[in-house]
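**Student:** Structure supplied as coords.pdb; contents: PDB, C-alpha atoms.
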```pdb
ATOM      1  CA  MET A   1     -19.753  -0.834 -28.114
ATOM      2  CA  GLN A   2     -20.938  -3.188 -25.340
ATOM      3  CA  LYS A   3     -18.845  -6.041 -26.732
ATOM      4  CA  TYR A   4     -15.710  -3.836 -26.656
ATOM      5  CA  ILE A   5     -16.341  -2.904 -23.020
ATOM      6  CA  THR A   6     -16.886  -6.549 -22.084
ATOM      7  CA  THR A   7     -13.735  -7.640 -23.926
ATOM      8  CA  ASN A   8     -11.730  -4.838 -22.306
ATOM      9  CA  ALA A   9     -12.968  -5.814 -18.844
ATOM     10  CA  LEU A  10     -12.211  -9.467 -19.533
ATOM     11  CA  ASP A  11      -8.674  -8.569 -20.628
ATOM     12  CA  ARG A  12      -8.150  -6.624 -17.387
ATOM     13  CA  VAL A  13      -9.377  -9.574 -15.317
ATOM     14  CA  LYS A  14      -7.094 -11.982 -17.196
ATOM     15  CA  SER A  15      -4.173  -9.604 -16.689
ATOM     16  CA  ALA A  16      -4.919  -9.267 -12.974
ATOM     17  CA  LEU A  17      -5.136 -13.046 -12.576
ATOM     18  CA  ASN A  18      -1.839 -13.494 -14.399
ATOM     19  CA  VAL A  19      -0.166 -10.919 -12.143
ATOM     20  CA  ASP A  20      -1.652 -12.602  -9.064
ATOM     21  CA  LYS A  21       0.099 -15.855  -9.948
ATOM     22  CA  HIS A  22       3.448 -14.157  -9.467
ATOM     23  CA  PHE A  23       2.598 -11.380  -7.018
ATOM     24  CA  LYS A  24       1.508 -12.144  -3.480
ATOM     25  CA  PRO A  25      -0.240  -9.019  -2.140
ATOM     26  CA  ASP A  26      -0.475 -10.391   1.401
ATOM     27  CA  LYS A  27       3.239 -11.151   1.549
ATOM     28  CA  PHE A  28       4.095  -7.775   0.015
ATOM     29  CA  ALA A  29       1.820  -6.031   2.536
ATOM     30  CA  GLU A  30       3.623  -7.748   5.412
ATOM     31  CA  VAL A  31       7.046  -6.699   4.104
ATOM     32  CA  ILE A  32       5.887  -3.107   3.551
ATOM     33  CA  LYS A  33       4.227  -3.058   6.975
ATOM     34  CA  TYR A  34       7.456  -4.145   8.679
ATOM     35  CA  GLU A  35       9.599  -1.625   6.802
ATOM     36  CA  ILE A  36       7.269   1.353   7.198
ATOM     37  CA  TYR A  37       6.506   0.550  10.829
ATOM     38  CA  ASN A  38      10.225   0.715  11.630
ATOM     39  CA  VAL A  39      10.509   4.128   9.964
ATOM     40  CA  ILE A  40       7.359   5.618  11.501
ATOM     41  CA  LYS A  41       8.191   4.474  15.030
ATOM     42  CA  GLU A  42      11.279   6.728  14.826
ATOM     43  CA  TYR A  43       8.909   9.718  14.547
ATOM     44  CA  ALA A  44       5.822   8.656  16.466
ATOM     45  CA  GLU A  45       4.844   6.506  19.399
ATOM     46  CA  ILE A  46       2.800   3.738  17.778
ATOM     47  CA  ARG A  47       1.990   0.128  18.560
ATOM     48  CA  SER A  48       2.232  -2.594  15.940
ATOM     49  CA  ASP A  49      -1.338  -3.752  16.650
ATOM     50  CA  GLU A  50      -2.580  -0.249  15.740
ATOM     51  CA  PHE A  51      -0.734  -0.154  12.424
ATOM     52  CA  GLU A  52      -2.237  -1.562   9.217
ATOM     53  CA  VAL A  53      -1.161  -1.840   5.606
ATOM     54  CA  ASN A  54      -3.707  -2.918   2.994
ATOM     55  CA  ILE A  55      -3.106  -3.384  -0.713
ATOM     56  CA  ASN A  56      -5.939  -3.386  -3.239
ATOM     57  CA  ILE A  57      -5.942  -3.408  -7.030
ATOM     58  CA  ASN A  58      -8.240  -0.852  -8.661
ATOM     59  CA  ASP A  59     -10.174  -1.257 -11.932
ATOM     60  CA  TYR A  60      -7.144  -0.096 -13.939
ATOM     61  CA  GLY A  61      -4.762  -2.625 -12.395
ATOM     62  CA  ASP A  62      -3.030  -0.024 -10.199
ATOM     63  CA  TYR A  63      -2.024  -0.985  -6.679
ATOM     64  CA  CYS A  64      -3.621   1.120  -3.941
ATOM     65  CA  ILE A  65      -1.499   0.956  -0.787
ATOM     66  CA  ASN A  66      -3.331   2.204   2.291
ATOM     67  CA  ILE A  67      -1.477   2.775   5.545
ATOM     68  CA  ASN A  68      -3.335   3.424   8.766
ATOM     69  CA  ALA A  69      -1.630   4.095  12.093
ATOM     70  CA  ILE A  70      -2.657   5.521  15.445
ATOM     71  CA  ALA A  71       0.059   7.643  17.040
ATOM     72  CA  ARG A  72      -0.117   8.192  20.783
ATOM     73  CA  LYS A  73       2.540  10.870  20.540
ATOM     74  CA  ILE A  74       4.590  12.541  17.810
ATOM     75  CA  LYS A  75       8.287  12.821  18.593
ATOM     76  CA  ILE A  76      10.073  16.136  18.176
ATOM     77  CA  VAL A  77      12.467  15.943  15.249
ATOM     78  CA  GLY A  78      14.890  18.310  13.561
ATOM     79  CA  LEU A  79      13.996  20.525  10.659
ATOM     80  CA  VAL A  80      14.283  19.460   7.054
ATOM     81  CA  PRO A  81      16.843  21.669   5.297
ATOM     82  CA  ASP A  82      15.566  24.045   2.641
ATOM     83  CA  ASN A  83      16.980  23.060  -0.771
ATOM     84  CA  ASN A  84      16.601  26.558  -2.245
TER
END
```
Reformat the file's structure so that it appears as structure tokens.

**Tutor:**
Amino acid sequence: MQKYITTNALDRVKSALNVDKHFKPDKFAEVIKYEIYNVIKEYAEIRSDEFEVNININDYGDYCININAIARKIKIVGLVPDNN
């Protein structure tokens, strides 16, 4: 059983390293940060230096995208229509 777990973990590491060759998490985080910042600033008063986007890869190879922002003020917006 231990050998299977070790082999499985090694396969995940190899897969993650192979993905890393083609995927640049830092570059992707910067693109996402720019795009999301522009959307959020339409709804909240935020500063770019108080807005963070971090991308991590969990043990299963899934990407965990964490967004943290400090809003000084939330802007009043219209209501979302009810689709019912």

**Student:** Expanded to explicit residues, what is the PyMOL selection byres ((chain A and resi 66-80) around 6) for this file, as an mmCIF file with C-alpha atoms, keeping the file's coordinate frame?

**Tutor:**
```cif
data_model
loop_
_atom_site.group_PDB
_atom_site.id
_atom_site.type_symbol
_atom_site.label_atom_id
_atom_site.label_comp_id
_atom_site.auth_asym_id
_atom_site.auth_seq_id
_atom_site.Cartn_x
_atom_site.Cartn_y
_atom_site.Cartn_z
ATOM 1 C CA TYR A 43 8.909 9.718 14.547
ATOM 2 C CA ALA A 44 5.822 8.656 16.466
ATOM 3 C CA GLU A 45 4.844 6.506 19.399
ATOM 4 C CA ILE A 46 2.800 3.738 17.778
ATOM 5 C CA GLU A 50 -2.580 -0.249 15.740
ATOM 6 C CA PHE A 51 -0.734 -0.154 12.424
ATOM 7 C CA GLU A 52 -2.237 -1.562 9.217
ATOM 8 C CA VAL A 53 -1.161 -1.840 5.606
ATOM 9 C CA ASN A 54 -3.707 -2.918 2.994
ATOM 10 C CA ILE A 65 -1.499 0.956 -0.787
ATOM 11 C CA PRO A 81 16.843 21.669 5.297
#
```

**Student:** Atom CA of Ile36 of chain A and atom CA of Tyr63 of chain A, how far apart in Å?

**Tutor:**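 Pair atom CA of Tyr63 of chain A / atom CA of Ile36 of chain A returns 16.9 Å.
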
**Student:** Just how far from atom CA of Ser48 of chain A is atom CA of Lys27 of chain A, in Å to one decimal?

**Tutor:**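 Going from atom CA of Lys27 of chain A over to atom CA of Ser48 of chain A covers 16.8 Å.
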
**Student:** Could you state the separation of atom CA of Phe28 of chain A and atom CA of Ile55 of chain A in Å, given to one decimal place?

**Tutor:**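 Spanning atom CA of Phe28 of chain A to atom CA of Ile55 of chain A is a straight-line distance of 8.5 Å.
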
**Student:** Find the smallest box with edges along x, y and z containing every listed atom of segment 63-82 of chain A, then add 5 Å on each side and report centre and edge lengths in Å to one decimal, as lines of an AutoDock Vina configuration file.

**Tutor:**
```
center_x = 6.6
center_y = 11.5
center_z = 7.1
size_x = 30.5
size_y = 35.0
size_z = 37.5
```

**Student:** Missing atoms in segment 56-73 of chain A: fill them in up to N, CA and C atoms and send the result as a PDB file, in the frame of the given file.

**Tutor:**
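Result went into selection39.pdb, see below:
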```pdb
ATOM      1  N   ASN A  56      -4.825  -3.026  -2.362  1.00  0.00           N
ATOM      2  CA  ASN A  56      -5.939  -3.386  -3.239  1.00  0.00           C
ATOM      3  C   ASN A  56      -5.542  -3.047  -4.670  1.00  0.00           C
ATOM      4  N   ILE A  57      -6.166  -3.701  -5.621  1.00  0.00           N
ATOM      5  CA  ILE A  57      -5.942  -3.408  -7.030  1.00  0.00           C
ATOM      6  C   ILE A  57      -7.212  -2.762  -7.563  1.00  0.00           C
ATOM      7  N   ASN A  58      -7.058  -1.551  -8.155  1.00  0.00           N
ATOM      8  CA  ASN A  58      -8.240  -0.852  -8.661  1.00  0.00           C
ATOM      9  C   ASN A  58      -8.627  -1.386 -10.041  1.00  0.00           C
ATOM     10  N   ASP A  59      -9.650  -0.787 -10.646  1.00  0.00           N
ATOM     11  CA  ASP A  59     -10.174  -1.257 -11.932  1.00  0.00           C
ATOM     12  C   ASP A  59      -9.164  -1.135 -13.069  1.00  0.00           C
ATOM     13  N   TYR A  60      -8.137  -0.303 -12.888  1.00  0.00           N
ATOM     14  CA  TYR A  60      -7.144  -0.096 -13.939  1.00  0.00           C
ATOM     15  C   TYR A  60      -5.903  -0.964 -13.738  1.00  0.00           C
ATOM     16  N   GLY A  61      -5.903  -1.772 -12.683  1.00  0.00           N
ATOM     17  CA  GLY A  61      -4.762  -2.625 -12.395  1.00  0.00           C
ATOM     18  C   GLY A  61      -3.688  -1.951 -11.561  1.00  0.00           C
ATOM     19  N   ASP A  62      -3.975  -0.735 -11.065  1.00  0.00           N
ATOM     20  CA  ASP A  62      -3.030  -0.024 -10.199  1.00  0.00           C
ATOM     21  C   ASP A  62      -3.147  -0.545  -8.776  1.00  0.00           C
ATOM     22  N   TYR A  63      -2.041  -0.542  -8.069  1.00  0.00           N
ATOM     23  CA  TYR A  63      -2.024  -0.985  -6.679  1.00  0.00           C
ATOM     24  C   TYR A  63      -2.292   0.204  -5.766  1.00  0.00           C
ATOM     25  N   CYS A  64      -3.283   0.085  -4.913  1.00  0.00           N
ATOM     26  CA  CYS A  64      -3.621   1.120  -3.941  1.00  0.00           C
ATOM     27  C   CYS A  64      -3.105   0.645  -2.581  1.00  0.00           C
ATOM     28  N   ILE A  65      -2.104   1.336  -2.059  1.00  0.00           N
ATOM     29  CA  ILE A  65      -1.499   0.956  -0.787  1.00  0.00           C
ATOM     30  C   ILE A  65      -2.014   1.924   0.268  1.00  0.00           C
ATOM     31  N   ASN A  66      -2.758   1.401   1.213  1.00  0.00           N
ATOM     32  CA  ASN A  66      -3.331   2.204   2.291  1.00  0.00           C
ATOM     33  C   ASN A  66      -2.621   1.879   3.593  1.00  0.00           C
ATOM     34  N   ILE A  67      -2.167   2.930   4.269  1.00  0.00           N
ATOM     35  CA  ILE A  67      -1.477   2.775   5.545  1.00  0.00           C
ATOM     36  C   ILE A  67      -2.268   3.517   6.596  1.00  0.00           C
ATOM     37  N   ASN A  68      -2.577   2.828   7.679  1.00  0.00           N
ATOM     38  CA  ASN A  68      -3.335   3.424   8.766  1.00  0.00           C
ATOM     39  C   ASN A  68      -2.600   3.172  10.079  1.00  0.00           C
ATOM     40  N   ALA A  69      -2.333   4.238  10.817  1.00  0.00           N
ATOM     41  CA  ALA A  69      -1.630   4.095  12.093  1.00  0.00           C
ATOM     42  C   ALA A  69      -2.228   5.061  13.107  1.00  0.00           C
ATOM     43  N   ILE A  70      -2.236   4.648  14.347  1.00  0.00           N
ATOM     44  CA  ILE A  70      -2.657   5.521  15.445  1.00  0.00           C
ATOM     45  C   ILE A  70      -1.407   5.880  16.231  1.00  0.00           C
ATOM     46  N   ALA A  71      -1.125   7.176  16.305  1.00  0.00           N
ATOM     47  CA  ALA A  71       0.059   7.643  17.040  1.00  0.00           C
ATOM     48  C   ALA A  71      -0.396   8.198  18.385  1.00  0.00           C
ATOM     49  N   ARG A  72       0.178   7.691  19.438  1.00  0.00           N
ATOM     50  CA  ARG A  72      -0.117   8.192  20.783  1.00  0.00           C
ATOM     51  C   ARG A  72       0.591   9.516  21.017  1.00  0.00           C
ATOM     52  N   LYS A  73       1.738   9.677  20.341  1.00  0.00           N
ATOM     53  CA  LYS A  73       2.540  10.870  20.540  1.00  0.00           C
ATOM     54  C   LYS A  73       3.453  11.022  19.326  1.00  0.00           C
TER      55      LYS A  73
END
```
